[in-house]
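Asker: Please find one structure pasted underneath; my questions will follow.
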Amino acid sequence: MKKLRIGDDYGGGKIVYIDTTGKHGLIVAKEDLPEHYNLAEARKACSDLVIDGYTGWKVPTIRRLKKIYPEMELIGGFEGWDYWSSTKSNKEKNLYWYLNFGDGPMMCAFAQRPTEKLRVRPVRTF
């Protein structure tokens, strides 16, 4: 089997992270979901998503979004600035983190109400 690398097409998307064993990692969809979604809609859209026969897509955690951010040029297809994460803020009761992808080399994470509509880039593990 070919050794997998960051940026390879694999499992319906592109590899953005590989663990030290080389057997497990994170795949990001090649494109954003087509609309802006509130968090509940985003979770449902990811859950229903099938790309090249692959299922198991999810809204990424803030930690996973931070793995995607440095590879965004390699992955391509980012159309928006603010991307939902599934990570709840530990400071505010009903806020969830999102990551702003439009600030150049600096990552900016913010908390937002789950009713706001933001972009979504689905992920799945392998």
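Chains: A, B, ... in order of the structure tokens. Residues: from 1 per chain. Ligands: from 1, in order shown.
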With segment 30-50 of chain A as the partner and 10 Å as the cut-off, tabulate the residues of segment 71-109 of chain A that qualify, each row holding the nearest pair of atoms and their distance in Å to one decimal, using only C-alpha atoms, sorted by chain and rising number, as a Markdown table.
Answerer:
| residue | atom | partner | partner_atom | distance |
| --- | --- | --- | --- | --- |
| A:Ile75 | CA | A:Lys30 | CA | 6.5 |
| A:Gly76 | CA | A:Lys30 | CA | 6.9 |
| A:Gly77 | CA | A:Glu31 | CA | 5.1 |
| A:Phe78 | CA | A:Asp32 | CA | 6.4 |
| A:Glu79 | CA | A:Asp32 | CA | 7.0 |
| A:Gly80 | CA | A:Asp32 | CA | 8.4 |
| A:Asp82 | CA | A:His36 | CA | 9.7 |
| A:Tyr83 | CA | A:His36 | CA | 9.3 |
| A:Trp84 | CA | A:Leu39 | CA | 7.1 |
| A:Ser85 | CA | A:Leu39 | CA | 8.3 |
| A:Ser86 | CA | A:Leu39 | CA | 7.7 |
| A:Tyr96 | CA | A:Leu39 | CA | 8.6 |
Asker: Tell me, as a list of chain:residue names, which residues lie within 12 Å of Arg5 of chain A, counting only C-alpha atoms; anything in the same chain fewer than 4 positions away does not count.
Answerer: A:Asp9, A:Tyr10, A:Lys14, A:Ile15, A:Val16, A:Tyr17, A:Ile18, A:Asp19, A:Thr20, A:Gly22, A:Lys23, A:His24, A:Gly25, A:Leu26, A:Ile27, A:Leu74
Asker: Would you save the residues from that selection as an mmCIF file, in the first residue's frame, using N, CA and C atoms?
Answerer:
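The resulting file, again-v2.cif, is reproduced below:
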data_model
loop_
_atom_site.group_PDB
_atom_site.id
_atom_site.type_symbol
_atom_site.label_atom_id
_atom_site.label_comp_id
_atom_site.auth_asym_id
_atom_site.auth_seq_id
_atom_site.Cartn_x
_atom_site.Cartn_y
_atom_site.Cartn_z
ATOM 1 N N ASP A 9 -5.474 12.751 -1.993
ATOM 2 C CA ASP A 9 -6.892 12.428 -2.132
ATOM 3 C C ASP A 9 -7.100 11.060 -1.497
ATOM 4 N N TYR A 10 -8.078 10.966 -0.599
ATOM 5 C CA TYR A 10 -8.280 9.708 0.117
ATOM 6 C C TYR A 10 -9.632 9.738 0.819
ATOM 7 N N LYS A 14 -9.478 15.031 1.286
ATOM 8 C CA LYS A 14 -8.020 15.164 1.293
ATOM 9 C C LYS A 14 -7.516 14.933 2.711
ATOM 10 N N ILE A 15 -6.392 14.265 2.810
ATOM 11 C CA ILE A 15 -5.796 14.017 4.124
ATOM 12 C C ILE A 15 -5.196 15.315 4.645
ATOM 13 N N VAL A 16 -5.540 15.635 5.892
ATOM 14 C CA VAL A 16 -5.020 16.852 6.506
ATOM 15 C C VAL A 16 -4.162 16.540 7.740
ATOM 16 N N TYR A 17 -4.272 15.313 8.237
ATOM 17 C CA TYR A 17 -3.477 14.907 9.405
ATOM 18 C C TYR A 17 -3.311 13.395 9.379
ATOM 19 N N ILE A 18 -2.117 12.919 9.750
ATOM 20 C CA ILE A 18 -1.833 11.494 9.885
ATOM 21 C C ILE A 18 -1.112 11.294 11.207
ATOM 22 N N ASP A 19 -1.555 10.291 11.979
ATOM 23 C CA ASP A 19 -0.887 10.038 13.263
ATOM 24 C C ASP A 19 0.457 9.352 13.028
ATOM 25 N N THR A 20 1.191 9.115 14.101
ATOM 26 C CA THR A 20 2.542 8.575 13.984
ATOM 27 C C THR A 20 2.583 7.149 13.450
ATOM 28 N N GLY A 22 0.796 6.167 10.937
ATOM 29 C CA GLY A 22 0.526 6.266 9.509
ATOM 30 C C GLY A 22 -0.745 5.556 9.081
ATOM 31 N N LYS A 23 -1.477 4.999 10.050
ATOM 32 C CA LYS A 23 -2.685 4.233 9.750
ATOM 33 C C LYS A 23 -3.978 4.980 10.038
ATOM 34 N N HIS A 24 -3.889 6.040 10.806
ATOM 35 C CA HIS A 24 -5.083 6.790 11.206
ATOM 36 C C HIS A 24 -4.839 8.275 10.989
ATOM 37 N N GLY A 25 -5.933 8.977 10.712
ATOM 38 C CA GLY A 25 -5.780 10.402 10.500
ATOM 39 C C GLY A 25 -7.108 11.084 10.245
ATOM 40 N N LEU A 26 -7.011 12.282 9.687
ATOM 41 C CA LEU A 26 -8.171 13.130 9.457
ATOM 42 C C LEU A 26 -8.278 13.468 7.982
ATOM 43 N N ILE A 27 -9.484 13.317 7.458
ATOM 44 C CA ILE A 27 -9.798 13.661 6.071
ATOM 45 C C ILE A 27 -10.752 14.847 6.097
ATOM 46 N N LEU A 74 -3.273 23.986 0.498
ATOM 47 C CA LEU A 74 -3.083 22.662 -0.078
ATOM 48 C C LEU A 74 -4.421 21.974 -0.345
#
Asker: If I take atom CA of Lys67 of chain A and atom CA of Thr115 of chain A, how far is one from the other in Å, to one decimal?
Answerer: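 The value is 24.9 Å.
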Asker: Mind checking which residues fall within 8 Å of Trp97 of chain A, counting only C-alpha atoms, ignoring those fewer than 4 positions away in the same chain, and posting them as a list in words?
Answerer: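 Result of the neighbour search: Ile62, Trp84, Ser85, Ser86, Thr87, Lys88, Ser89, Ala109, Phe110, Ala111 and Gln112 of chain A.
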Asker: Might you pull out every residue within 8 Å of Ala29 of chain A, with only C-alpha atoms counted and same-chain residues fewer than 4 positions away left off, and present them as a PyMOL selection string?
Answerer: chain A and resi 12-14+121-123
Asker: Could you pull out the helix (DSSP H, G or I) residues of segment 1-122 of chain A, going by DSSP on the backbone, and write them as JSON, numbers by chain?
Answerer: {"A": [39, 40, 41, 42, 43, 44, 45, 46, 47, 48, 62, 63, 64, 65, 66, 67, 68, 69, 70, 71, 72, 73, 74, 75]}
Asker: If you measure from atom CA of Gly53 of chain A to atom CA of Gly11 of chain A, what distance in Å do you get, rounded to one decimal?
Answerer: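 If I compute the distance from atom CA of Gly53 of chain A to atom CA of Gly11 of chain A, I get 8.7 Å.
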Asker: Figure out the distance between atom CA of Trp57 of chain A and atom CA of Lys93 of chain A, please, to one decimal in Å.
Answerer: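 Spanning atom CA of Lys93 of chain A to atom CA of Trp57 of chain A is a straight-line distance of 25.9 Å.
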